file my_file28.cif (mmCIF, C-alpha atoms)
data_coords
loop_
_atom_site.label_atom_id
_atom_site.label_comp_id
_atom_site.auth_asym_id
_atom_site.auth_seq_id
_atom_site.Cartn_x
_atom_site.Cartn_y
_atom_site.Cartn_z
CA MET A 110 -44.42 38.09 46.49
CA ASP A 111 -47.05 38.38 49.13
CA GLY A 112 -50.41 39.14 47.62
CA LEU A 113 -49.23 38.35 44.09
CA VAL A 114 -51.62 35.93 42.42
CA LEU A 115 -50.25 33.95 39.48
CA ALA A 116 -51.87 31.83 36.82
CA PRO A 117 -50.39 28.26 36.61
CA THR A 118 -48.70 29.13 33.28
CA ASP A 119 -47.11 32.19 34.82
CA PHE A 120 -45.94 30.22 37.82
CA VAL A 121 -44.33 27.59 35.58
CA ALA A 122 -42.62 30.31 33.55
CA LEU A 123 -41.42 32.09 36.67
CA LEU A 124 -40.10 28.89 38.24
CA ASN A 125 -38.32 27.90 35.03
CA GLN A 126 -36.69 31.32 34.85
CA THR A 127 -35.53 30.95 38.40
CA LEU A 128 -34.22 27.44 37.78
CA GLU A 129 -32.43 28.53 34.66
CA PHE A 130 -30.77 31.36 36.52
CA ALA A 131 -29.87 29.34 39.63
CA TYR A 132 -29.10 25.93 38.05
CA PRO A 133 -28.50 26.22 34.31
CA THR A 134 -26.98 22.76 34.39
CA VAL A 135 -26.71 20.16 37.10
CA VAL A 136 -24.73 16.94 37.29
CA ILE A 137 -26.47 14.14 39.14
CA GLU A 138 -25.12 10.69 39.80
CA GLY A 139 -27.28 7.81 40.96
CA GLU A 140 -28.76 4.44 40.24
CA LEU A 141 -30.80 4.11 37.08
CA SER A 142 -34.37 2.90 37.45
CA ASN A 143 -37.61 2.89 35.45
CA PHE A 144 -35.59 3.24 32.26
CA ARG A 145 -37.82 3.20 29.19
CA VAL A 146 -37.68 4.34 25.57
CA SER A 147 -40.86 5.57 23.91
CA LYS A 148 -41.45 5.55 20.13
CA ASN A 149 -37.76 4.81 19.60
CA ARG A 150 -37.10 8.42 20.36
CA TRP A 151 -37.95 9.63 23.86
CA VAL A 152 -36.12 8.39 26.89
CA TYR A 153 -37.52 8.46 30.44
CA PHE A 154 -35.83 7.30 33.62
CA ASP A 155 -35.26 8.05 37.27
CA LEU A 156 -32.08 8.37 39.24
CA GLN A 157 -32.35 7.33 42.82
CA ASP A 158 -30.51 6.79 46.05
CA GLU A 159 -31.77 5.49 49.42
CA ILE A 160 -34.02 8.46 50.00
CA ALA A 161 -34.73 10.42 46.86
CA SER A 162 -35.71 9.74 43.27
CA VAL A 163 -35.45 12.32 40.44
CA LYS A 164 -37.14 12.13 37.03
CA PHE A 165 -35.24 12.62 33.77
CA PHE A 166 -36.29 13.16 30.20
CA GLY A 167 -34.15 12.97 27.06
CA THR A 168 -33.83 11.58 23.55
CA VAL A 169 -32.11 8.44 22.31
CA TYR A 170 -29.41 10.68 20.79
CA ASN A 171 -28.27 11.45 24.35
CA LEU A 172 -27.65 7.79 25.14
CA PRO A 173 -24.07 6.50 25.31
CA GLY A 174 -25.39 3.03 24.40
CA PRO A 175 -27.95 0.58 25.73
CA LEU A 176 -28.70 1.03 29.42
CA GLU A 177 -30.52 -1.03 31.97
CA ASP A 178 -31.90 -0.45 35.45
CA GLY A 179 -29.42 -0.79 38.26
CA LEU A 180 -26.51 0.86 36.43
CA LYS A 181 -24.83 3.74 38.14
CA ILE A 182 -24.82 6.71 35.80
CA GLN A 183 -23.93 10.34 35.78
CA VAL A 184 -26.29 12.69 33.99
CA VAL A 185 -25.72 16.27 32.90
CA GLY A 186 -28.95 18.20 32.36
CA SER A 187 -31.11 21.21 33.05
CA PRO A 188 -33.93 21.17 35.60
CA ARG A 189 -37.30 22.11 34.14
CA LEU A 190 -40.88 22.26 35.25
CA HIS A 191 -43.10 20.98 32.46
CA PRO A 192 -46.49 22.77 32.29
CA ARG A 193 -48.34 19.44 32.30
CA PHE A 194 -46.04 16.62 33.33
CA GLY A 195 -44.32 18.27 36.26
CA PHE A 196 -40.70 18.37 37.24
CA SER A 197 -37.94 16.58 35.34
CA ILE A 198 -34.38 17.11 34.26
CA ASN A 199 -33.76 17.54 30.55
CA VAL A 200 -30.81 15.34 29.72
CA SER A 201 -27.87 16.67 27.75
CA SER A 202 -25.47 13.79 28.37
CA ILE A 203 -25.32 10.46 30.15
CA SER A 204 -22.28 8.46 31.12
CA PRO A 205 -21.97 5.30 33.18
CA VAL A 206 -19.75 5.70 36.26
CA GLY A 207 -17.83 3.26 38.39
CA GLU A 208 -15.95 0.33 36.92
CA GLY A 209 -18.85 -2.07 37.36
CA SER A 210 -21.40 0.10 35.59
CA ILE A 211 -19.06 1.13 32.83
CA LYS A 212 -18.21 -2.49 32.18
CA LYS A 213 -21.83 -3.54 32.32
CA ALA A 214 -22.89 -0.78 29.91
CA ALA A 215 -20.00 -1.60 27.61
CA ASP A 216 -20.93 -5.30 27.67
CA LEU A 217 -24.53 -4.49 26.76
CA LEU A 218 -23.38 -2.27 23.90
CA ALA A 219 -20.74 -4.74 22.76
CA ALA A 220 -23.34 -7.51 22.51
CA LYS A 221 -25.68 -5.26 20.54
CA LEU A 222 -23.03 -4.03 18.08
CA GLN A 223 -21.53 -7.48 17.74
CA ALA A 224 -24.94 -8.76 16.71
CA GLU A 225 -25.14 -5.99 14.13
CA GLY A 226 -21.80 -7.10 12.71
CA LEU A 227 -19.90 -3.89 13.44
CA PHE A 228 -16.86 -5.79 14.69
CA ASP A 229 -16.77 -8.37 11.89
CA GLU A 230 -13.40 -9.14 10.38
CA GLU A 231 -14.82 -8.89 6.85
CA ARG A 232 -15.58 -5.23 7.40
CA LYS A 233 -11.97 -4.41 8.07
CA ARG A 234 -10.07 -2.59 5.36
CA ARG A 235 -6.34 -2.53 4.83
CA LEU A 236 -4.68 0.70 5.77
CA PRO A 237 -2.62 2.31 2.99
CA GLU A 238 0.98 1.12 3.16
CA ILE A 239 2.41 4.61 3.16
CA PRO A 240 -0.06 7.36 4.03
CA VAL A 241 0.61 10.85 2.72
CA THR A 242 -2.04 12.49 4.89
CA ILE A 243 -3.22 11.44 8.33
CA GLY A 244 -6.24 12.79 10.17
CA LEU A 245 -5.27 12.67 13.83
CA ILE A 246 -8.05 12.89 16.41
CA THR A 247 -6.71 13.36 19.93
CA ALA A 248 -6.08 16.01 22.56
CA ALA A 249 -3.37 18.37 21.31
CA ASN A 250 -1.78 18.76 24.73
CA SER A 251 -1.78 15.08 25.63
CA ALA A 252 1.05 12.62 26.12
CA ALA A 253 -0.69 10.43 23.55
CA TYR A 254 -0.25 13.17 20.93
CA ALA A 255 3.40 13.73 21.88
CA ASP A 256 4.15 9.98 21.79
CA PHE A 257 2.44 9.46 18.48
CA ILE A 258 4.28 12.34 16.79
CA LYS A 259 7.61 11.37 18.33
CA ILE A 260 7.46 7.78 17.09
CA LEU A 261 6.06 8.89 13.72
CA ASN A 262 8.98 11.30 13.23
CA GLU A 263 11.46 8.60 14.19
CA ARG A 264 10.00 6.18 11.69
CA TRP A 265 8.97 8.22 8.70
CA GLY A 266 8.87 11.66 7.05
CA GLY A 267 6.79 13.61 4.59
CA VAL A 268 3.41 12.96 6.14
CA ASP A 269 0.86 15.76 6.36
CA ILE A 270 -0.91 15.45 9.70
CA ARG A 271 -4.22 17.24 10.25
CA LEU A 272 -4.83 17.44 13.94
CA ALA A 273 -8.37 17.61 15.29
CA ASP A 274 -7.97 18.73 18.88
CA VAL A 275 -10.76 17.13 20.91
CA TYR A 276 -11.55 16.20 24.47
CA VAL A 277 -10.68 12.54 24.95
CA GLN A 278 -12.47 12.17 28.27
CA GLY A 279 -15.46 13.65 30.04
CA ALA A 280 -18.99 14.35 28.95
CA GLN A 281 -18.00 16.34 25.85
CA ALA A 282 -15.58 13.76 24.51
CA PRO A 283 -17.93 11.40 22.61
CA LEU A 284 -19.66 14.10 20.58
CA GLN A 285 -16.43 15.95 19.85
CA ILE A 286 -14.81 12.74 18.61
CA VAL A 287 -17.88 11.97 16.49
CA ARG A 288 -17.86 15.48 15.00
CA ALA A 289 -14.16 15.23 14.23
CA ILE A 290 -14.66 11.87 12.47
CA GLU A 291 -17.55 13.37 10.50
CA TYR A 292 -15.48 16.47 9.68
CA PHE A 293 -12.74 14.38 8.08
CA ASN A 294 -15.25 12.27 6.19
CA GLU A 295 -16.94 15.34 4.74
CA LEU A 296 -13.79 16.94 3.31
CA SER A 297 -13.66 16.97 -0.49
CA SER A 298 -10.12 15.65 -0.38
CA LEU A 299 -10.05 12.78 2.10
CA VAL A 300 -7.04 12.00 4.26
CA ASP A 301 -5.51 8.55 3.74
CA VAL A 302 -6.12 7.28 7.24
CA LEU A 303 -7.78 8.41 10.48
CA VAL A 304 -5.89 7.84 13.71
CA ILE A 305 -7.98 8.20 16.86
CA THR A 306 -5.98 7.87 20.02
CA ARG A 307 -5.53 8.64 23.70
CA GLY A 308 -3.30 7.32 26.45
CA GLY A 309 -4.13 5.21 29.46
CA GLY A 310 -6.54 6.22 32.19
CA SER A 311 -9.26 4.97 34.48
CA ALA A 312 -12.24 3.08 33.11
CA GLU A 313 -14.19 6.35 33.33
CA ASP A 314 -11.52 8.27 31.41
CA LEU A 315 -11.63 5.74 28.58
CA ALA A 316 -15.42 5.36 28.57
CA GLY A 317 -15.92 7.80 25.67
CA PHE A 318 -14.24 5.33 23.33
CA SER A 319 -16.89 2.75 24.12
CA ASP A 320 -19.70 5.23 23.56
CA GLU A 321 -22.17 3.95 20.98
CA ARG A 322 -22.04 7.16 18.92
CA VAL A 323 -18.25 7.04 18.75
CA VAL A 324 -18.21 3.34 17.89
CA ARG A 325 -20.77 3.84 15.12
CA ALA A 326 -18.91 6.86 13.73
CA VAL A 327 -15.69 4.81 13.59
CA ALA A 328 -17.51 1.95 11.86
CA ALA A 329 -19.17 4.33 9.39
CA SER A 330 -15.99 6.18 8.42
CA ARG A 331 -15.25 6.16 4.69
CA ILE A 332 -11.62 6.71 5.62
CA PRO A 333 -9.84 3.65 7.03
CA THR A 334 -9.45 3.97 10.79
CA LEU A 335 -6.76 3.10 13.29
CA VAL A 336 -7.84 3.40 16.92
CA ALA A 337 -5.46 3.15 19.86
CA VAL A 338 -6.79 3.73 23.34
CA GLY A 339 -5.02 3.39 26.64
CA HIS A 340 -2.45 0.80 27.55
CA GLU A 341 -1.94 -2.68 26.19
CA VAL A 342 -4.65 -4.23 28.31
CA ASP A 343 -7.47 -1.78 27.60
CA THR A 344 -9.79 -2.56 24.73
CA SER A 345 -12.48 -0.05 23.86
CA LEU A 346 -15.38 -0.80 21.55
CA ALA A 347 -14.14 1.87 19.13
CA GLU A 348 -10.99 -0.22 18.73
CA LEU A 349 -13.06 -3.28 17.88
CA ALA A 350 -14.96 -1.30 15.24
CA ALA A 351 -11.78 0.18 13.74
CA ASP A 352 -10.09 -1.26 10.67
CA LEU A 353 -6.97 -1.66 12.75
CA ARG A 354 -6.32 -1.33 16.47
CA ALA A 355 -3.08 -0.46 18.14
CA SER A 356 -2.25 -1.08 21.78
CA THR A 357 -0.87 2.41 22.54
CA PRO A 358 -0.44 5.76 20.76
CA SER A 359 3.22 4.84 20.07
CA ASN A 360 2.13 1.52 18.66
CA ALA A 361 -0.33 3.39 16.41
CA ALA A 362 2.59 5.35 14.94
CA GLN A 363 4.44 2.08 14.39
CA LEU A 364 1.52 0.55 12.56
CA VAL A 365 0.58 3.55 10.44
CA VAL A 366 3.93 4.14 8.71
CA PRO A 367 6.80 1.84 7.77
CA SER A 368 10.23 2.15 9.33
CA ARG A 369 12.65 4.46 7.58
CA SER A 370 15.69 2.26 8.24
CA GLU A 371 13.97 -0.94 7.10
CA THR A 372 12.82 0.81 3.97
CA ILE A 373 16.30 2.15 3.21
CA ALA A 374 17.59 -1.41 3.56
CA GLY A 375 14.82 -2.53 1.19
CA LEU A 376 15.88 0.11 -1.34
CA ALA A 377 19.46 -1.19 -1.26
CA VAL A 378 18.12 -4.65 -2.07
CA ALA A 379 16.04 -3.25 -4.92
CA LYS A 380 19.07 -1.40 -6.28
CA LYS A 381 21.15 -4.56 -6.18
CA SER A 382 18.50 -6.65 -7.83
CA VAL A 383 17.85 -4.17 -10.66
CA THR A 384 21.61 -3.91 -11.26
CA GLU A 385 21.94 -7.67 -11.27
CA ILE A 386 19.07 -8.05 -13.69
CA ILE A 387 20.47 -5.54 -16.16
CA ASN A 388 23.96 -7.06 -15.88
CA GLN A 389 22.51 -10.45 -16.56
CA ARG A 390 20.61 -9.10 -19.52
CA PHE A 391 23.84 -7.68 -20.95
CA GLN A 392 25.68 -10.91 -20.28
CA THR A 393 22.99 -12.90 -22.03
CA ALA A 394 23.06 -10.53 -24.98
CA SER A 395 26.85 -10.69 -25.26
CA GLN A 396 26.75 -14.47 -25.00
CA GLU A 397 24.26 -14.50 -27.83
CA ILE A 398 26.53 -12.29 -29.91
CA GLN A 399 29.47 -14.57 -29.15
CA SER A 400 27.63 -17.74 -30.08
CA SER A 401 26.28 -16.17 -33.27
CA ARG A 402 29.81 -15.23 -34.20
CA GLU A 403 31.04 -18.74 -33.53
CA TYR A 404 28.24 -20.25 -35.54
CA LEU A 405 28.84 -17.99 -38.51
CA THR A 406 32.59 -18.64 -38.43
CA SER A 407 32.10 -22.39 -38.33
CA GLN A 408 29.56 -22.27 -41.15
CA VAL A 409 31.95 -20.28 -43.35
CA ASN A 410 34.80 -22.62 -42.51
CA LEU A 411 32.71 -25.64 -43.36
CA LEU A 412 31.79 -24.10 -46.68
CA LEU A 413 35.43 -23.27 -47.43
CA SER A 414 36.71 -26.72 -46.56
CA ASP A 415 34.06 -28.34 -48.77
CA ARG A 416 35.18 -26.20 -51.63
CA LEU A 417 38.84 -27.01 -50.98
CA LYS A 418 38.12 -30.74 -50.99
CA MET A 419 36.28 -30.44 -54.24
CA ILE A 420 39.11 -28.50 -55.82
CA GLU A 421 41.58 -31.08 -54.53
CA SER A 422 39.77 -34.04 -56.03
CA THR A 423 39.21 -32.21 -59.33
CA LYS A 424 42.88 -31.48 -59.38
CA LYS A 425 43.67 -35.20 -58.94
CA LEU A 426 41.31 -36.07 -61.72
CA ILE A 427 42.89 -33.57 -64.04
CA ILE A 428 46.35 -34.84 -63.20
CA ALA A 429 45.22 -38.39 -64.01
CA PHE A 430 44.16 -37.16 -67.47
CA ASP A 431 47.47 -35.47 -68.16
CA PRO A 432 49.16 -37.38 -71.10
CA ARG A 433 52.62 -36.34 -69.94
CA ALA A 434 52.16 -38.55 -66.88
CA ALA A 435 51.79 -41.54 -69.24
CA LEU A 436 54.85 -40.43 -71.25
CA ARG A 437 56.89 -40.37 -68.04
CA ARG A 438 55.91 -43.96 -67.42
CA GLY A 439 57.38 -44.93 -70.82
CA TYR A 440 54.43 -44.54 -73.16
CA ALA A 441 54.84 -42.58 -76.39
CA ILE A 442 52.61 -40.56 -78.67
CA VAL A 443 52.93 -41.32 -82.35
CA SER A 444 51.98 -38.64 -84.83
CA LYS A 445 51.91 -38.30 -88.56
CA GLN A 446 51.86 -34.89 -90.19
CA GLY A 447 50.94 -33.29 -86.83
CA ARG A 448 48.03 -35.67 -86.11
CA ASN A 449 48.10 -38.24 -83.35
CA ILE A 450 47.89 -41.82 -84.50
CA ALA A 451 45.72 -44.25 -82.52
CA SER A 452 45.75 -47.26 -84.95
CA VAL A 453 48.28 -49.14 -87.17
CA LYS A 454 45.72 -48.89 -89.90
CA GLN A 455 46.47 -45.23 -90.22
CA LEU A 456 50.07 -45.98 -91.19
CA SER A 457 51.79 -47.52 -94.25
CA PRO A 458 55.40 -48.58 -94.72
CA ASN A 459 57.78 -45.63 -95.31
CA ASP A 460 55.42 -43.15 -93.59
CA LYS A 461 57.33 -40.50 -91.70
CA ILE A 462 56.16 -40.36 -88.13
CA GLY A 463 56.99 -38.36 -85.01
CA ILE A 464 57.37 -40.10 -81.67
CA GLN A 465 56.83 -37.95 -78.62
CA LEU A 466 58.54 -39.19 -75.41
CA ALA A 467 58.55 -37.63 -71.96
CA ASP A 468 61.75 -35.67 -72.52
CA GLY A 469 61.57 -34.94 -76.25
CA LYS A 470 60.50 -35.83 -79.74
CA ILE A 471 62.15 -38.04 -82.40
CA SER A 472 61.40 -38.65 -86.09
CA ALA A 473 61.20 -42.18 -87.57
CA LYS A 474 60.15 -44.09 -90.67
CA VAL A 475 57.65 -46.98 -90.64
CA GLN A 476 59.25 -50.18 -91.94
CA GLU A 477 56.26 -52.44 -91.97
CA THR A 478 52.68 -52.55 -90.79
CA MET B 107 -4.14 20.11 0.30
CA ALA B 108 -1.02 21.99 -0.76
CA LYS B 109 0.30 20.32 -3.90
CA SER B 110 4.02 19.99 -3.97
CA PRO B 111 5.65 19.83 -7.42
CA THR B 112 7.85 16.90 -6.40
CA LYS B 113 6.40 13.40 -6.22
CA ASN B 114 5.60 11.92 -2.86
CA TYR B 115 7.20 8.72 -1.65
CA GLN B 116 4.24 6.57 -2.59
CA GLN B 117 4.29 7.83 -6.18
CA LEU B 118 8.03 7.21 -6.43
CA ALA B 119 7.57 3.71 -4.98
CA THR B 120 4.81 2.91 -7.46
CA GLU B 121 6.96 4.00 -10.40
CA LEU B 122 9.88 1.97 -9.12
CA ASN B 123 7.72 -1.14 -8.73
CA GLN B 124 6.54 -0.77 -12.32
CA LEU B 125 10.14 -0.59 -13.51
CA ILE B 126 11.15 -3.61 -11.44
CA GLU B 127 8.23 -5.56 -12.87
CA TRP B 128 9.38 -4.60 -16.35
CA PHE B 129 12.89 -5.82 -15.59
CA GLU B 130 11.56 -9.08 -14.26
CA GLY B 131 9.53 -9.61 -17.43
CA ASP B 132 10.73 -11.24 -20.66
CA SER B 133 11.63 -8.11 -22.57
CA VAL B 134 15.17 -8.07 -23.91
CA ASN B 135 15.23 -4.65 -25.50
CA LEU B 136 18.59 -3.48 -24.26
CA ASP B 137 18.23 0.13 -25.39
CA GLU B 138 15.08 0.37 -23.32
CA ALA B 139 16.71 -1.52 -20.46
CA VAL B 140 19.51 1.03 -20.16
CA ASP B 141 17.00 3.84 -20.16
CA LYS B 142 14.83 2.17 -17.55
CA TYR B 143 17.82 1.26 -15.43
CA GLU B 144 18.79 4.91 -15.28
CA GLN B 145 15.21 5.85 -14.36
CA ALA B 146 15.19 3.23 -11.60
CA MET B 147 18.47 4.48 -10.18
CA SER B 148 17.19 8.05 -10.20
CA LEU B 149 13.96 6.98 -8.44
CA LEU B 150 15.92 5.05 -5.82
CA LYS B 151 18.06 8.10 -5.18
CA GLN B 152 15.02 10.34 -4.78
CA MET B 153 13.41 7.81 -2.44
CA GLU B 154 16.51 7.63 -0.27
CA GLU B 155 16.70 11.39 -0.27
CA HIS B 156 13.05 11.58 0.76
CA LEU B 157 13.55 9.08 3.56
CA LYS B 158 16.56 10.90 4.92
CA THR B 159 15.30 14.45 4.71
CA ALA B 160 11.50 14.63 4.60
CA GLU B 161 9.80 15.86 7.75
CA ASN B 162 6.27 15.36 8.98
CA LYS B 163 4.11 18.44 9.17
CA VAL B 164 1.33 18.93 11.69
CA LYS B 165 -1.43 21.38 11.00
CA LYS B 166 -4.02 21.92 13.66
CA ILE B 167 -7.51 22.16 12.25
CA ALA B 168 -9.11 25.49 13.02
CA VAL B 169 -12.58 23.99 13.41
CA LYS B 170 -13.86 23.65 16.95
CA PHE B 171 -15.48 20.32 17.64
CA ASP B 172 -17.65 21.59 20.46
CA ALA B 173 -20.43 19.30 21.46
CA SER B 174 -22.98 22.03 21.89
#
call {"tool": "encode", "arguments": {"input": "my_file28.cif", "output": "structure tokens"}}
result
Amino acid sequence: MDGLVLAPTDFVALLNQTLEFAYPTVVIEGELSNFRVSKNRWVYFDLQDEIASVKFFGTVYNLPGPLEDGLKIQVVGSPRLHPRFGFSINVSSISPVGEGSIKKAADLLAAKLQAEGLFDEERKRRLPEIPVTIGLITAANSAAYADFIKILNERWGGVDIRLADVYVQGAQAPLQIVRAIEYFNELSSLVDVLVITRGGGSAEDLAGFSDERVVRAVAASRIPTLVAVGHEVDTSLAELAADLRASTPSNAAQLVVPSRSETIAGLAVAKKSVTEIINQRFQTASQEIQSSREYLTSQVNLLLSDRLKMIESTKKLIIAFDPRAALRRGYAIVSKQGRNIASVKQLSPNDKIGIQLADGKISAKVQET
Amino acid sequence: MAKSPTKNYQQLATELNQLIEWFEGDSVNLDEAVDKYEQAMSLLKQMEEHLKTAENKVKKIAVKFDAS
């Protein structure tokens, strides 16, 4: 290049070409300093160690959450020489590293999101009792996936599972998880529940699930979410924002569907109770028929016995009027020319009269009156 | 979503719950009760069948969720 004279613009272009060829992306890890956000959009900071300090430039969309000076972070970016502002690295992703920094960054983010109400109990929706479709966001070749499916198959059947195969750790993980959540939420026919899960790992492995973008995507999901990350003891911010959290991928499968055997037992109870109810209904109806029959019978009997009594007393009355009864007691009926005589004034001496007694009739003549 | 002609478990369960509610109500129409009892028994059978035989299906989404 001896003797070649370049204009500043040409030099910048040449250097950028060289950088792009030699170092398309670099990963730099160091202590964050001079962190500042301009116009809510542009992010500037330096990464430093004991000797060197390197400038970085990015946007707020690259941030995993709130950051503060002193944190140890790892940045993926491309080195560039800006025509006016000099050398910097254009950020494509940032992640806190080391347990202390990850925890610190997560605490900062947790406080911010807590204040916004993202973790509030009132926001939490009930998951459907029995999902027909599940959107599963995890790594297809992971133990978490295998555990989830194994327990799900043991517990329940007939579920359609749509698997979104994503990275669950590393720099690409947060955005992939966010895109997968957005993908499911944009479908015209929504799945019943979103399960976002991965197994245990180091604080760095799990860091993606405390990434602000992931946490916000979980909170914004129209579909109810179940998030299970790591082992029992690990709690990621995405879990706090989810409608339901599970301690492990297996536990997620336990929470998302009921148990087959318990449900079969429940069906037996339902069968028994419906049978009992219908039997009872029939028993009640037949008791009603029986009591109606008894009532009708007794009413008819009452009516009949009333009638009988009446007939009986009428009969007695009629018997009392029977003149033959009097004849049997010694009375007689006196008649003249076929007519009954009730008074001596109707008779004169020598009248021929008939005297009717109980057992026959005699003729006689009146001697005096 | 591929629509299957048979009802899914949730639909069967909903129908069964409606029938059970009916039975627990005050209605004493026995003709209807017999009919509904038979429906309930058929639903229960289908639900048991479903629980014993249905399998979960996993379909991997073809979309790539690349960050870039």
call {"tool": "resolve_selection", "arguments": {"input": "my_file28.cif", "expression": "the PyMOL selection byres ((chain B) within 6 of (chain A))", "output": "number ranges by chain"}}
result
B: 160-167, 171-173
call {"tool": "atom_distance", "arguments": {"input": "my_file28.cif", "atom1": "atom CA of A:Arg307", "atom2": "atom CA of A:Val323"}}
result
13.7 Å
call {"tool": "resolve_selection", "arguments": {"input": "my_file28.cif", "expression": "the PyMOL selection byres ((chain B and resi 139) around 12)", "output": "number ranges by chain"}}
result
A: 383-384, 386-391, 394; B: 125-126, 128-138, 140-146
call {"tool": "write_last_selection", "arguments": {"input": "my_file28.cif", "atoms": "C-alpha atoms", "output": "short mmCIF file (atom, residue, chain, number, x, y, z; two decimals), keeping the file's coordinate frame"}}
result
data_model
loop_
_atom_site.label_atom_id
_atom_site.label_comp_id
_atom_site.auth_asym_id
_atom_site.auth_seq_id
_atom_site.Cartn_x
_atom_site.Cartn_y
_atom_site.Cartn_z
CA VAL A 383 17.85 -4.17 -10.66
CA THR A 384 21.61 -3.91 -11.26
CA ILE A 386 19.07 -8.05 -13.69
CA ILE A 387 20.47 -5.54 -16.16
CA ASN A 388 23.96 -7.06 -15.88
CA GLN A 389 22.51 -10.45 -16.56
CA ARG A 390 20.61 -9.10 -19.52
CA PHE A 391 23.84 -7.68 -20.95
CA ALA A 394 23.06 -10.53 -24.98
CA LEU B 125 10.14 -0.59 -13.51
CA ILE B 126 11.15 -3.61 -11.44
CA TRP B 128 9.38 -4.60 -16.35
CA PHE B 129 12.89 -5.82 -15.59
CA GLU B 130 11.56 -9.08 -14.26
CA GLY B 131 9.53 -9.61 -17.43
CA ASP B 132 10.73 -11.24 -20.66
CA SER B 133 11.63 -8.11 -22.57
CA VAL B 134 15.17 -8.07 -23.91
CA ASN B 135 15.23 -4.65 -25.50
CA LEU B 136 18.59 -3.48 -24.26
CA ASP B 137 18.23 0.13 -25.39
CA GLU B 138 15.08 0.37 -23.32
CA VAL B 140 19.51 1.03 -20.16
CA ASP B 141 17.00 3.84 -20.16
CA LYS B 142 14.83 2.17 -17.55
CA TYR B 143 17.82 1.26 -15.43
CA GLU B 144 18.79 4.91 -15.28
CA GLN B 145 15.21 5.85 -14.36
CA ALA B 146 15.19 3.23 -11.60
#
call {"tool": "atom_distance", "arguments": {"input": "my_file28.cif", "atom1": "atom CA of A:Glu313", "atom2": "atom CA of A:Gly279"}}
result
8.1 Å
call {"tool": "residues_around", "arguments": {"input": "my_file28.cif", "residues": "A:Val169", "least_positions_apart": "4", "cutoff": "8 Å", "atoms": "all atoms listed in the file", "output": "list of chain:residue names"}}
result
A:Val146, A:Asn149, A:Arg150, A:Trp151, A:Val152
call {"tool": "atom_distance", "arguments": {"input": "my_file28.cif", "atom1": "atom CA of A:Ser356", "atom2": "atom CA of A:Glu208"}}
result
20.5 Å
call {"tool": "residues_around", "arguments": {"input": "my_file28.cif", "residues": "A:Glu140", "least_positions_apart": "6", "cutoff": "12 Å", "atoms": "only C-alpha atoms", "output": "list in words"}}
result
Phe154, Asp155, Leu156, Gln157, Asp158, Glu159, Ile160, Ala161, Ser162, Val163, Lys164, Leu176, Glu177, Asp178, Gly179, Leu180, Lys181, Ile182, Gln183, Val184, Ser204, Pro205, Val206, Gly207 and Ser210 of chain A
call {"tool": "closest_residue", "arguments": {"input": "my_file28.cif", "among": "B:His156, B:Glu127, B:Ala168, B:Lys151", "to": "B:Asn114", "atoms": "only C-alpha atoms"}}
result
B:His156
call {"tool": "closest_residue", "arguments": {"input": "my_file28.cif", "among": "A:Leu217, A:Thr168, A:Pro367, A:Ala316", "to": "B:Tyr115", "atoms": "only C-alpha atoms"}}
result
A:Pro367
call {"tool": "residues_around", "arguments": {"input": "my_file28.cif", "residues": "A:Asn125", "least_positions_apart": "4", "cutoff": "8 Å", "atoms": "all atoms listed in the file", "output": "list in words"}}
result
Val121, Glu129, Arg189 and Leu190 of chain A
call {"tool": "residues_around", "arguments": {"input": "my_file28.cif", "residues": "A:Arg448", "least_positions_apart": "6", "cutoff": "12 Å", "atoms": "all atoms listed in the file", "output": "PyMOL selection string"}}
result
chain A and resi 442+455-456+461-465
call {"tool": "resolve_selection", "arguments": {"input": "my_file28.cif", "expression": "the PyMOL selection byres ((chain A and resi 224-236) around 8)", "output": "list in words"}}
result
Ala220, Lys221, Leu222, Gln223, Pro237, Glu238, Val302, Arg325, Ala328, Pro333, Thr334, Leu349, Ala350, Ala351, Asp352, Leu353 and Val365 of chain A
call {"tool": "closest_residue", "arguments": {"input": "my_file28.cif", "among": "A:Arg354, A:Gly439, A:Ile246, A:Ile260", "to": "A:Phe293", "atoms": "only C-alpha atoms"}}
result
A:Ile246
call {"tool": "axis_aligned_box", "arguments": {"input": "my_file28.cif", "around": "stretch 160-164 of chain B", "padding_each_side": "4 Å", "output": "JSON"}}
result
{"center_x": 6.4, "center_y": 16.8, "center_z": 8.1, "size_x": 18.2, "size_y": 12.3, "size_z": 15.1}
